[in-house]
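**Student:** Coordinates in protein-v5.cif, mmCIF, C-alpha atoms and all ligand atoms, are listed below.
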```cif
data_start
loop_
_atom_site.label_atom_id
_atom_site.label_comp_id
_atom_site.auth_asym_id
_atom_site.auth_seq_id
_atom_site.Cartn_x
_atom_site.Cartn_y
_atom_site.Cartn_z
CA MET A 1 -37.86 -5.63 4.07
CA SER A 2 -39.98 -6.73 1.12
CA SER A 3 -39.20 -10.12 -0.35
CA LEU A 4 -38.42 -8.34 -3.64
CA GLU A 5 -35.65 -6.28 -2.09
CA LYS A 6 -32.24 -7.67 -3.02
CA VAL A 7 -29.95 -8.52 -0.12
CA VAL A 8 -26.63 -6.74 -0.66
CA ALA A 9 -23.54 -8.71 0.30
CA LYS A 10 -21.46 -6.89 2.91
CA PRO A 11 -17.88 -5.97 2.00
CA ILE A 12 -15.33 -7.73 4.19
CA VAL A 13 -11.55 -7.68 4.48
CA VAL A 14 -9.54 -10.57 5.91
CA VAL A 15 -6.50 -9.57 7.97
CA GLY A 16 -3.77 -12.20 7.56
CA ILE A 17 -2.61 -14.09 4.47
CA GLY A 18 -1.20 -17.06 6.40
CA GLY A 19 -2.79 -20.47 6.77
CA PHE A 20 -5.55 -19.44 9.11
CA GLY A 21 -6.34 -16.28 7.15
CA ARG A 22 -6.90 -18.38 4.05
CA GLU A 23 -8.97 -20.91 6.04
CA VAL A 24 -11.14 -17.96 7.05
CA ILE A 25 -11.73 -17.28 3.35
CA ASP A 26 -13.01 -20.85 3.05
CA ILE A 27 -15.51 -20.11 5.81
CA ILE A 28 -16.66 -16.96 4.02
CA ASP A 29 -17.13 -19.06 0.87
CA ALA A 30 -19.04 -21.73 2.82
CA VAL A 31 -21.31 -19.15 4.49
CA ASN A 32 -22.08 -17.60 1.09
CA ALA A 33 -22.72 -20.99 -0.50
CA ALA A 34 -25.15 -21.93 2.29
CA SER A 35 -27.22 -18.74 1.94
CA PRO A 36 -29.84 -18.01 -0.71
CA GLU A 37 -27.87 -14.82 -1.53
CA PRO A 38 -24.18 -14.21 -0.71
CA VAL A 39 -23.79 -12.68 2.74
CA TRP A 40 -20.23 -11.42 2.25
CA ASP A 41 -18.40 -9.70 -0.58
CA LEU A 42 -14.71 -10.46 -0.01
CA VAL A 43 -12.79 -7.32 -0.96
CA GLY A 44 -9.41 -8.94 -0.33
CA VAL A 45 -6.70 -9.69 2.18
CA VAL A 46 -4.23 -7.42 3.99
CA ASP A 47 -0.99 -8.42 5.70
CA ASP A 48 2.12 -6.57 6.88
CA ALA A 49 4.59 -9.27 5.91
CA PRO A 50 3.23 -11.50 3.16
CA ASN A 51 5.64 -14.02 1.72
CA ASP A 52 5.77 -14.94 -1.97
CA LEU A 53 4.33 -18.40 -1.44
CA ASN A 54 1.25 -17.11 0.35
CA LEU A 55 0.77 -14.36 -2.23
CA GLU A 56 0.81 -17.04 -4.92
CA ARG A 57 -1.63 -19.21 -2.94
CA LEU A 58 -4.00 -16.26 -2.62
CA SER A 59 -3.71 -15.35 -6.27
CA LEU A 60 -4.42 -18.97 -7.30
CA ARG A 61 -7.80 -18.75 -5.63
CA GLY A 62 -8.55 -15.43 -7.29
CA VAL A 63 -8.55 -13.29 -4.15
CA ASP A 64 -6.90 -9.85 -4.20
CA PHE A 65 -4.02 -8.88 -1.95
CA LEU A 66 -4.69 -5.27 -0.95
CA GLY A 67 -1.47 -4.31 0.81
CA ASP A 68 -0.46 -3.79 4.41
CA THR A 69 -2.89 -3.72 7.34
CA GLY A 70 -3.02 0.09 7.25
CA VAL A 71 -4.55 0.17 3.75
CA PRO A 72 -8.25 -0.19 4.75
CA LEU A 73 -7.82 2.57 7.33
CA SER A 74 -7.51 5.10 4.49
CA TRP A 75 -10.79 4.06 2.89
CA PRO A 76 -13.69 6.51 3.11
CA ASN A 77 -16.17 3.94 4.41
CA PRO A 78 -15.36 1.39 7.07
CA VAL A 79 -15.95 -2.19 5.94
CA SER A 80 -16.33 -5.34 8.00
CA TYR A 81 -13.13 -7.10 8.96
CA VAL A 82 -12.05 -10.37 10.48
CA VAL A 83 -8.59 -11.14 11.83
CA GLY A 84 -7.31 -14.50 10.61
CA ILE A 85 -4.15 -14.48 12.73
CA GLY A 86 -3.66 -17.24 15.31
CA SER A 87 -1.74 -15.27 17.92
CA PRO A 88 -4.17 -13.82 20.52
CA ARG A 89 -1.79 -10.91 21.16
CA VAL A 90 -1.45 -9.87 17.51
CA ARG A 91 -5.16 -10.35 16.98
CA ARG A 92 -5.91 -7.95 19.82
CA LEU A 93 -3.55 -5.31 18.39
CA MET A 94 -5.21 -5.54 14.98
CA ALA A 95 -8.75 -5.45 16.36
CA GLU A 96 -8.02 -2.41 18.52
CA ARG A 97 -6.73 -0.60 15.46
CA TYR A 98 -9.77 -1.28 13.29
CA ASP A 99 -12.32 -0.81 16.07
CA ALA A 100 -10.85 2.63 16.78
CA GLU A 101 -11.80 3.58 13.20
CA ASN A 102 -15.32 2.17 13.53
CA PHE A 103 -14.79 -0.87 11.37
CA ARG A 104 -17.26 -3.63 12.14
CA ALA A 105 -15.85 -6.97 13.30
CA ALA A 106 -17.58 -9.81 11.42
CA THR A 107 -18.56 -13.00 13.22
CA LEU A 108 -18.02 -16.03 11.00
CA VAL A 109 -19.54 -19.40 11.84
CA HIS A 110 -19.08 -22.28 9.42
CA PRO A 111 -22.44 -23.76 8.41
CA SER A 112 -21.46 -27.18 9.76
CA VAL A 113 -21.08 -25.89 13.33
CA THR A 114 -23.70 -27.08 15.81
CA HIS A 115 -24.76 -25.37 19.01
CA GLY A 116 -27.49 -25.66 21.57
CA PHE A 117 -29.64 -23.21 23.49
CA GLY A 118 -28.18 -20.00 24.91
CA VAL A 119 -24.91 -19.85 22.99
CA SER A 120 -23.60 -16.36 22.28
CA ILE A 121 -20.66 -15.66 20.00
CA GLY A 122 -18.94 -12.28 20.07
CA PRO A 123 -17.96 -9.92 17.24
CA GLY A 124 -14.87 -10.93 15.32
CA ALA A 125 -15.11 -14.56 16.42
CA VAL A 126 -14.42 -17.33 13.91
CA VAL A 127 -15.91 -20.77 14.47
CA CYS A 128 -14.54 -23.38 12.08
CA ALA A 129 -16.06 -26.46 10.47
CA GLY A 130 -17.16 -29.26 12.73
CA ALA A 131 -17.05 -27.35 16.00
CA ARG A 132 -19.68 -28.36 18.55
CA LEU A 133 -20.84 -26.01 21.26
CA THR A 134 -23.47 -27.48 23.52
CA THR A 135 -25.63 -25.35 25.79
CA ASN A 136 -25.37 -22.04 27.65
CA ILE A 137 -21.95 -21.01 26.40
CA THR A 138 -20.48 -17.53 26.01
CA VAL A 139 -17.78 -16.96 23.43
CA GLY A 140 -16.09 -13.54 23.56
CA GLN A 141 -14.79 -11.15 20.92
CA HIS A 142 -12.24 -12.25 18.33
CA VAL A 143 -12.14 -15.82 19.61
CA HIS A 144 -10.96 -18.52 17.22
CA ILE A 145 -12.63 -21.88 17.70
CA ASN A 146 -10.89 -24.18 15.30
CA LEU A 147 -11.80 -27.36 13.44
CA ASN A 148 -13.68 -30.04 15.39
CA VAL A 149 -13.34 -28.34 18.76
CA THR A 150 -15.93 -29.22 21.40
CA VAL A 151 -17.09 -26.82 24.12
CA GLY A 152 -19.27 -28.19 26.91
CA HIS A 153 -22.24 -26.78 28.78
CA ASP A 154 -22.10 -23.58 30.85
CA SER A 155 -18.55 -22.68 29.84
CA SER A 156 -17.35 -19.21 29.07
CA ILE A 157 -14.55 -18.27 26.71
CA GLY A 158 -13.10 -14.78 27.08
CA ASP A 159 -11.94 -12.36 24.40
CA PHE A 160 -9.03 -13.09 22.03
CA VAL A 161 -8.84 -16.78 22.94
CA SER A 162 -7.52 -19.31 20.39
CA VAL A 163 -8.77 -22.88 20.65
CA ASN A 164 -6.82 -24.98 18.17
CA PRO A 165 -8.12 -27.99 16.22
CA LEU A 166 -9.55 -30.97 18.10
CA ALA A 167 -9.29 -29.33 21.50
CA SER A 168 -11.98 -30.19 24.00
CA ILE A 169 -13.21 -27.83 26.68
CA SER A 170 -15.47 -29.63 29.14
CA GLY A 171 -18.52 -28.22 30.92
CA ASP A 172 -18.43 -25.39 33.48
CA CYS A 173 -15.01 -24.14 32.39
CA VAL A 174 -13.81 -20.55 32.40
CA ILE A 175 -11.25 -19.74 29.73
CA GLU A 176 -10.03 -16.23 30.40
CA ASP A 177 -8.95 -13.58 27.86
CA GLY A 178 -6.03 -14.26 25.55
CA VAL A 179 -5.65 -17.97 26.36
CA LEU A 180 -4.29 -20.36 23.73
CA ILE A 181 -5.43 -23.97 23.90
CA GLY A 182 -3.09 -26.02 21.71
CA VAL A 183 -4.13 -28.63 19.18
CA ALA A 184 -5.97 -31.52 20.86
CA GLY A 185 -5.64 -29.89 24.28
CA VAL A 186 -8.17 -30.97 26.90
CA VAL A 187 -9.58 -28.92 29.77
CA LEU A 188 -11.42 -31.01 32.34
CA ASN A 189 -14.75 -29.84 33.69
CA GLY A 190 -15.05 -26.91 36.04
CA LEU A 191 -11.53 -25.56 35.55
CA THR A 192 -10.35 -22.00 35.03
CA ILE A 193 -7.55 -21.27 32.59
CA GLY A 194 -6.11 -17.90 33.61
CA ALA A 195 -5.71 -14.96 31.25
CA GLY A 196 -2.92 -15.31 28.71
CA ALA A 197 -2.11 -18.90 29.70
CA VAL A 198 -1.08 -21.48 27.09
CA LEU A 199 -2.09 -25.12 27.23
CA GLY A 200 0.29 -26.99 24.93
CA GLY A 201 -0.72 -29.32 22.15
CA SER A 202 -2.16 -32.64 23.45
CA ALA A 203 -1.93 -31.46 27.07
CA CYS A 204 -4.69 -32.19 29.56
CA ALA A 205 -5.44 -29.59 32.23
CA VAL A 206 -6.62 -31.34 35.39
CA ARG A 207 -6.22 -28.31 37.69
CA ASP A 208 -6.75 -24.58 37.17
CA LEU A 209 -3.93 -22.84 35.31
CA ALA A 210 -2.66 -19.53 36.66
CA PRO A 211 -2.63 -16.50 34.33
CA GLY A 212 0.27 -16.46 31.87
CA VAL A 213 1.44 -20.00 32.59
CA VAL A 214 2.56 -22.28 29.72
CA ALA A 215 1.63 -25.85 30.63
CA VAL A 216 2.28 -29.09 28.77
CA GLY A 217 1.75 -32.81 29.24
CA VAL A 218 -0.76 -35.13 30.86
CA PRO A 219 -1.54 -34.00 33.49
CA ALA A 220 -0.56 -30.51 32.35
CA LYS A 221 2.28 -28.94 34.33
CA PRO A 222 3.94 -25.55 33.87
CA MET A 223 6.93 -25.88 31.53
CA GLY A 224 10.16 -26.24 33.44
CA ALA A 225 8.36 -27.28 36.66
C1 LIG B 301 3.63 -25.50 24.54
C2 LIG B 301 4.25 -24.67 23.43
C3 LIG B 301 3.54 -23.32 23.34
C4 LIG B 301 5.73 -24.49 23.76
O1 LIG B 301 6.34 -23.80 22.74
P1 LIG B 301 7.91 -23.45 22.88
O2 LIG B 301 8.12 -22.61 24.11
O3 LIG B 301 8.35 -22.89 21.57
O4 LIG B 301 8.55 -24.85 23.20
P2 LIG B 301 9.76 -25.62 22.47
O5 LIG B 301 9.32 -26.13 21.14
O6 LIG B 301 10.98 -24.74 22.52
O7 LIG B 301 9.98 -26.86 23.41
C5 LIG B 301 10.49 -26.72 24.73
C6 LIG B 301 10.40 -28.06 25.43
O8 LIG B 301 9.02 -28.37 25.69
C7 LIG B 301 8.64 -29.60 25.05
N1 LIG B 301 7.29 -29.40 24.52
C8 LIG B 301 6.88 -28.42 23.66
N2 LIG B 301 5.57 -28.52 23.42
C9 LIG B 301 5.13 -29.59 24.12
C10 LIG B 301 3.87 -30.20 24.25
N3 LIG B 301 2.79 -29.70 23.62
N4 LIG B 301 3.76 -31.28 25.05
C11 LIG B 301 4.86 -31.78 25.68
N5 LIG B 301 6.09 -31.23 25.59
C12 LIG B 301 6.23 -30.16 24.82
C13 LIG B 301 9.67 -29.81 23.96
O9 LIG B 301 9.82 -31.18 23.65
C14 LIG B 301 10.92 -29.24 24.59
O10 LIG B 301 11.42 -30.19 25.51
P3 LIG B 301 13.02 -30.33 25.74
O11 LIG B 301 13.47 -29.00 26.26
O12 LIG B 301 13.11 -31.44 26.72
O13 LIG B 301 13.56 -30.65 24.40
C15 LIG B 301 4.10 -25.34 22.04
O14 LIG B 301 4.99 -26.41 21.89
C16 LIG B 301 2.69 -25.85 21.76
O15 LIG B 301 2.28 -26.96 22.14
N6 LIG B 301 1.92 -24.99 21.06
C17 LIG B 301 0.61 -25.32 20.53
C18 LIG B 301 0.77 -25.52 19.04
C19 LIG B 301 -0.53 -25.78 18.32
O16 LIG B 301 -1.60 -25.87 18.86
N7 LIG B 301 -0.41 -25.88 16.99
C20 LIG B 301 -1.53 -26.06 16.12
C21 LIG B 301 -1.82 -24.79 15.36
S1 LIG B 301 -3.31 -24.93 14.46
#
```
Please express what this file holds, its structure, as structure tokens.
Ligand SMILES: CC(C)(COP(=O)(O)OP(=O)(O)OC[C@H]1O[C@@H](n2cnc3c(N)ncnc32)[C@H](O)[C@@H]1OP(=O)(O)O)[C@@H](O)C(=O)NCCC(=O)NCCS
**Tutor:**
Amino acid sequence: MSSLEKVVAKPIVVVGIGGFGREVIDIIDAVNAASPEPVWDLVGVVDDAPNDLNLERLSLRGVDFLGDTGVPLSWPNPVSYVVGIGSPRVRRLMAERYDAENFRAATLVHPSVTHGFGVSIGPGAVVCAGARLTTNITVGQHVHINLNVTVGHDSSIGDFVSVNPLASISGDCVIEDGVLIGVAGVVLNGLTIGAGAVLGGSACAVRDLAPGVVAVGVPAKPMGA
């Protein structure tokens, strides 16, 4: 590309008008502000059940609400999309729908994020401000890595995982698909958190968690155990 050619910002739709969806808009703004030319052209937000307060919040920042999540599917040209919905299960449903129509999942990384050598981040993933990923880390599709999360060396994070603010995943961990790590949750080094498991807020996993388990406390134990 010649240096005279203008870079065209890519159209993007955010799925989800809730808190995280609007935080994703902040990341889009931050990415654009940090680039010589805007990377993204935010077309608007879609949501199946917007409430009045969130519609007002969106309108206050001058972003369009486009309608329900089916609206972009009727457009002639697929645009990029990102799902700003915290639930791994709902996020998967949305992504499957858009991917089936050849929409492109955008990967959004806040400019303040740091990472070392050999870190790969999958399509649809959102990495929020202040996150630190050290070295040799794989982050799957549609993963949310929230504010100030740390991920240690040689860890892998599967698809549709949510890692909530301040959580800390130590080195050599395997976080399988669809896991939710609650706010300030800690996973000690070398552990596997099984697919679909939930580590509650402020819990500390000191042993592997089986798939689907919901564990809380320090040390984390399955709820009701
Ligand atoms: C673990 C979790 C998924 C359980 O949710 P839930 O099934 O709706 O649980 P409830 O709120 O009904 O609480 C059930 C019991 O577990 C306890 N509990 C819930 N979460 C807990 C936690 N993180 N640590 C310790 N105990 C917890 C409650 O005190 C309650 O105990 P009780 O029966 O003795 O009163 C949820 O509490 C959690 O921690 N989610 C993460 C939230 C998060 O990260 N938020 C930030 C978003 S950015």
**Student:** Looking at all atoms listed in the file, which of A:Leu73, A:Pro111, A:Asp64, A:Ala95 is the one that sits closest to Asn32 in chain A?
**Tutor:**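 Ranking A:Leu73, A:Pro111, A:Asp64, A:Ala95 by distance to Asn32 in chain A, first place goes to A:Pro111.
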**Student:** Tell me which protein, DNA and RNA residues are within 12 Å of range 211-219 of chain A, counting only C-alpha atoms, leaving out same-chain ones fewer than 5 positions away, and put them as a VMD selection string.
**Tutor:** chain A and resid 175 to 188 192 to 206 224 to 225
**Student:** Return the single residue from A:Ala30, A:Ile137, A:Pro11, A:Trp40 that is closest to Gly118 in chain A, with distances computed using only C-alpha atoms.
**Tutor:**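 The shortest atom-to-atom distance to Gly118 in chain A comes from A:Ile137.
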**Student:** Please determine an axis-aligned box that encloses all atoms of ligand LIG 301 (chain B) listed in the file, with 5 Å added on each side, and express its centre and edge lengths in Å to one decimal as lines of an AutoDock Vina configuration file.
**Tutor:**
```
center_x = 5.1
center_y = -27.2
center_z = 20.6
size_x = 26.9
size_y = 19.2
size_z = 22.3
```
**Student:** Go through A:Ser87, A:Ser112, A:Thr69, A:Asn54 and flag the residue nearest ligand LIG 301 (chain B), using all atoms listed in the file for the distances.
**Tutor:** A:Ser87
**Student:** Taking 3 positions as the minimum chain separation for residues in the same chain, which residues sit within 12 Å of range 46-49 of chain A when counting all atoms listed in the file? Answer as a ChimeraX atom specification.
**Tutor:** /A:12-18,21-22,42-43,52-55,58,63-73,81-85,90,94
**Student:** Any chance you could export the current selection's C-alpha atoms as a CSV table (one decimal), keeping the file's coordinate frame?
**Tutor:**
```
chain,number,residue,atom,x,y,z
A,12,ILE,CA,-15.3,-7.7,4.2
A,13,VAL,CA,-11.6,-7.7,4.5
A,14,VAL,CA,-9.5,-10.6,5.9
A,15,VAL,CA,-6.5,-9.6,8.0
A,16,GLY,CA,-3.8,-12.2,7.6
A,17,ILE,CA,-2.6,-14.1,4.5
A,18,GLY,CA,-1.2,-17.1,6.4
A,21,GLY,CA,-6.3,-16.3,7.2
A,22,ARG,CA,-6.9,-18.4,4.0
A,42,LEU,CA,-14.7,-10.5,0.0
A,43,VAL,CA,-12.8,-7.3,-1.0
A,52,ASP,CA,5.8,-14.9,-2.0
A,53,LEU,CA,4.3,-18.4,-1.4
A,54,ASN,CA,1.2,-17.1,0.4
A,55,LEU,CA,0.8,-14.4,-2.2
A,58,LEU,CA,-4.0,-16.3,-2.6
A,63,VAL,CA,-8.6,-13.3,-4.2
A,64,ASP,CA,-6.9,-9.8,-4.2
A,65,PHE,CA,-4.0,-8.9,-2.0
A,66,LEU,CA,-4.7,-5.3,-1.0
A,67,GLY,CA,-1.5,-4.3,0.8
A,68,ASP,CA,-0.5,-3.8,4.4
A,69,THR,CA,-2.9,-3.7,7.3
A,70,GLY,CA,-3.0,0.1,7.2
A,71,VAL,CA,-4.6,0.2,3.8
A,72,PRO,CA,-8.2,-0.2,4.8
A,73,LEU,CA,-7.8,2.6,7.3
A,81,TYR,CA,-13.1,-7.1,9.0
A,82,VAL,CA,-12.0,-10.4,10.5
A,83,VAL,CA,-8.6,-11.1,11.8
A,84,GLY,CA,-7.3,-14.5,10.6
A,85,ILE,CA,-4.2,-14.5,12.7
A,90,VAL,CA,-1.4,-9.9,17.5
A,94,MET,CA,-5.2,-5.5,15.0
```
**Student:** List the neighbours of Gln141 in chain A out to 7 Å using all atoms listed in the file; skip same-chain residues closer than 4 positions along the sequence, and give me the result as a list of chain:residue names.
**Tutor:**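 Close residues of Gln141 in chain A: A:Gly122, A:Pro123, A:Gly124, A:Ala125, A:Asp159, A:Phe160.
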**Student:** Using only C-alpha atoms, which protein or nucleic acid residues come within 7 Å of Val113 in chain A? Drop anything in the same chain fewer than 5 positions from it, and give the result as JSON, numbers by chain.
**Tutor:** {"A": [129, 130, 131, 132]}
**Student:** May I have the selected residues written with C-alpha atoms, as a PDB file, in the frame of the given file?
**Tutor:**
```
ATOM      1  CA  ALA A 129     -16.060 -26.460  10.470  1.00  0.00           C
ATOM      2  CA  GLY A 130     -17.160 -29.260  12.730  1.00  0.00           C
ATOM      3  CA  ALA A 131     -17.050 -27.350  16.000  1.00  0.00           C
ATOM      4  CA  ARG A 132     -19.680 -28.360  18.550  1.00  0.00           C
TER       5      ARG A 132
END
```
**Student:** With only C-alpha atoms as the atoms that count, which of A:His110, A:Ala100, A:Ser59, A:Ser162 lies nearest to Asp29 in chain A?
**Tutor:**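 That would be A:His110, the residue with the smallest distance to Asp29 in chain A.
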**Student:** Just checking: using only C-alpha atoms and all ligand atoms, which residue out of A:Glu96, A:Glu23, A:Glu56, A:Glu101 ends up closest to ligand LIG 301 (chain B)?
**Tutor:**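 The closest residue to ligand LIG 301 (chain B) is A:Glu23.
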**Student:** What does the structure give for the distance between CA of Asp154 in chain A and CA of Thr138 in chain A, in Å to one decimal?
**Tutor:**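 Between CA of Asp154 in chain A and CA of Thr138 in chain A the gap works out to 7.9 Å.
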**Student:** Could you work out how far atom C1 of ligand LIG 301 (chain B) lies from CA of His153 in chain A, giving the answer in Å with one decimal?
**Tutor:**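 Interatomic distance here is 26.2 Å.
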**Student:** From the options A:Gly19, A:Val174, A:Pro36, A:Trp75, which residue's atoms come nearest to ligand LIG 301 (chain B), counting only C-alpha atoms and all ligand atoms?
**Tutor:** A:Gly19
**Student:** All heavy atoms are what I want for range 138-148 of chain A; can you complete it accordingly and write them as a PDB file, in the frame of the given file?
**Tutor:**
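Below is the file result.pdb, written as the result:
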```
ATOM      1  N   THR A 138     -20.793 -18.879  26.473  1.00  0.00           N
ATOM      2  CA  THR A 138     -20.480 -17.530  26.010  1.00  0.00           C
ATOM      3  C   THR A 138     -19.102 -17.550  25.354  1.00  0.00           C
ATOM      4  O   THR A 138     -18.136 -18.013  25.967  1.00  0.00           O
ATOM      5  CB  THR A 138     -20.430 -16.543  27.198  1.00  0.00           C
ATOM      6  OG1 THR A 138     -21.633 -16.689  27.927  1.00  0.00           O
ATOM      7  CG2 THR A 138     -20.283 -15.118  26.734  1.00  0.00           C
ATOM      8  N   VAL A 139     -19.056 -17.054  24.152  1.00  0.00           N
ATOM      9  CA  VAL A 139     -17.780 -16.960  23.430  1.00  0.00           C
ATOM     10  C   VAL A 139     -17.525 -15.469  23.178  1.00  0.00           C
ATOM     11  O   VAL A 139     -18.363 -14.771  22.606  1.00  0.00           O
ATOM     12  CB  VAL A 139     -17.858 -17.720  22.079  1.00  0.00           C
ATOM     13  CG1 VAL A 139     -16.589 -17.511  21.263  1.00  0.00           C
ATOM     14  CG2 VAL A 139     -18.109 -19.206  22.322  1.00  0.00           C
ATOM     15  N   GLY A 140     -16.363 -14.976  23.593  1.00  0.00           N
ATOM     16  CA  GLY A 140     -16.090 -13.540  23.560  1.00  0.00           C
ATOM     17  C   GLY A 140     -15.689 -13.034  22.174  1.00  0.00           C
ATOM     18  O   GLY A 140     -15.807 -13.726  21.156  1.00  0.00           O
ATOM     19  N   GLN A 141     -15.184 -11.805  22.176  1.00  0.00           N
ATOM     20  CA  GLN A 141     -14.790 -11.150  20.920  1.00  0.00           C
ATOM     21  C   GLN A 141     -13.513 -11.750  20.358  1.00  0.00           C
ATOM     22  O   GLN A 141     -12.583 -12.044  21.109  1.00  0.00           O
ATOM     23  CB  GLN A 141     -14.458  -9.679  21.189  1.00  0.00           C
ATOM     24  CG  GLN A 141     -15.602  -8.836  21.655  1.00  0.00           C
ATOM     25  CD  GLN A 141     -15.134  -7.410  21.860  1.00  0.00           C
ATOM     26  OE1 GLN A 141     -14.455  -6.848  21.001  1.00  0.00           O
ATOM     27  NE2 GLN A 141     -15.484  -6.837  22.982  1.00  0.00           N
ATOM     28  N   HIS A 142     -13.469 -11.859  19.043  1.00  0.00           N
ATOM     29  CA  HIS A 142     -12.240 -12.250  18.330  1.00  0.00           C
ATOM     30  C   HIS A 142     -11.673 -13.577  18.830  1.00  0.00           C
ATOM     31  O   HIS A 142     -10.460 -13.774  18.866  1.00  0.00           O
ATOM     32  CB  HIS A 142     -11.190 -11.142  18.421  1.00  0.00           C
ATOM     33  CG  HIS A 142     -11.639  -9.875  17.765  1.00  0.00           C
ATOM     34  ND1 HIS A 142     -11.605  -9.685  16.411  1.00  0.00           N
ATOM     35  CD2 HIS A 142     -12.197  -8.743  18.288  1.00  0.00           C
ATOM     36  CE1 HIS A 142     -12.104  -8.488  16.115  1.00  0.00           C
ATOM     37  NE2 HIS A 142     -12.471  -7.905  17.237  1.00  0.00           N
ATOM     38  N   VAL A 143     -12.564 -14.467  19.220  1.00  0.00           N
ATOM     39  CA  VAL A 143     -12.140 -15.820  19.610  1.00  0.00           C
ATOM     40  C   VAL A 143     -12.026 -16.666  18.347  1.00  0.00           C
ATOM     41  O   VAL A 143     -12.847 -16.534  17.436  1.00  0.00           O
ATOM     42  CB  VAL A 143     -13.176 -16.423  20.580  1.00  0.00           C
ATOM     43  CG1 VAL A 143     -12.925 -17.913  20.783  1.00  0.00           C
ATOM     44  CG2 VAL A 143     -13.150 -15.677  21.909  1.00  0.00           C
ATOM     45  N   HIS A 144     -11.023 -17.523  18.293  1.00  0.00           N
ATOM     46  CA  HIS A 144     -10.960 -18.520  17.220  1.00  0.00           C
ATOM     47  C   HIS A 144     -11.265 -19.884  17.811  1.00  0.00           C
ATOM     48  O   HIS A 144     -10.552 -20.345  18.706  1.00  0.00           O
ATOM     49  CB  HIS A 144      -9.565 -18.567  16.592  1.00  0.00           C
ATOM     50  CG  HIS A 144      -9.247 -17.389  15.718  1.00  0.00           C
ATOM     51  ND1 HIS A 144      -8.011 -17.192  15.160  1.00  0.00           N
ATOM     52  CD2 HIS A 144     -10.028 -16.358  15.302  1.00  0.00           C
ATOM     53  CE1 HIS A 144      -8.034 -16.081  14.434  1.00  0.00           C
ATOM     54  NE2 HIS A 144      -9.234 -15.554  14.512  1.00  0.00           N
ATOM     55  N   ILE A 145     -12.312 -20.495  17.315  1.00  0.00           N
ATOM     56  CA  ILE A 145     -12.630 -21.880  17.700  1.00  0.00           C
ATOM     57  C   ILE A 145     -12.387 -22.707  16.458  1.00  0.00           C
ATOM     58  O   ILE A 145     -13.098 -22.568  15.454  1.00  0.00           O
ATOM     59  CB  ILE A 145     -14.095 -21.982  18.161  1.00  0.00           C
ATOM     60  CG1 ILE A 145     -14.295 -21.027  19.328  1.00  0.00           C
ATOM     61  CG2 ILE A 145     -14.453 -23.422  18.480  1.00  0.00           C
ATOM     62  CD1 ILE A 145     -15.205 -21.455  20.394  1.00  0.00           C
ATOM     63  N   ASN A 146     -11.370 -23.530  16.513  1.00  0.00           N
ATOM     64  CA  ASN A 146     -10.890 -24.180  15.300  1.00  0.00           C
ATOM     65  C   ASN A 146     -11.630 -25.481  14.988  1.00  0.00           C
ATOM     66  O   ASN A 146     -12.582 -25.848  15.677  1.00  0.00           O
ATOM     67  CB  ASN A 146      -9.373 -24.402  15.445  1.00  0.00           C
ATOM     68  CG  ASN A 146      -8.653 -24.030  14.174  1.00  0.00           C
ATOM     69  OD1 ASN A 146      -8.950 -24.593  13.124  1.00  0.00           O
ATOM     70  ND2 ASN A 146      -7.740 -23.087  14.248  1.00  0.00           N
ATOM     71  N   LEU A 147     -11.128 -26.162  13.962  1.00  0.00           N
ATOM     72  CA  LEU A 147     -11.800 -27.360  13.440  1.00  0.00           C
ATOM     73  C   LEU A 147     -12.054 -28.417  14.505  1.00  0.00           C
ATOM     74  O   LEU A 147     -11.152 -28.789  15.262  1.00  0.00           O
ATOM     75  CB  LEU A 147     -10.905 -27.997  12.357  1.00  0.00           C
ATOM     76  CG  LEU A 147     -10.627 -27.119  11.144  1.00  0.00           C
ATOM     77  CD1 LEU A 147      -9.428 -27.644  10.368  1.00  0.00           C
ATOM     78  CD2 LEU A 147     -11.855 -27.071  10.268  1.00  0.00           C
ATOM     79  N   ASN A 148     -13.304 -28.903  14.548  1.00  0.00           N
ATOM     80  CA  ASN A 148     -13.680 -30.040  15.390  1.00  0.00           C
ATOM     81  C   ASN A 148     -13.430 -29.844  16.888  1.00  0.00           C
ATOM     82  O   ASN A 148     -13.233 -30.814  17.616  1.00  0.00           O
ATOM     83  CB  ASN A 148     -12.967 -31.329  14.918  1.00  0.00           C
ATOM     84  CG  ASN A 148     -13.498 -31.785  13.577  1.00  0.00           C
ATOM     85  OD1 ASN A 148     -14.583 -31.373  13.166  1.00  0.00           O
ATOM     86  ND2 ASN A 148     -12.749 -32.598  12.878  1.00  0.00           N
TER      87      ASN A 148
END
```
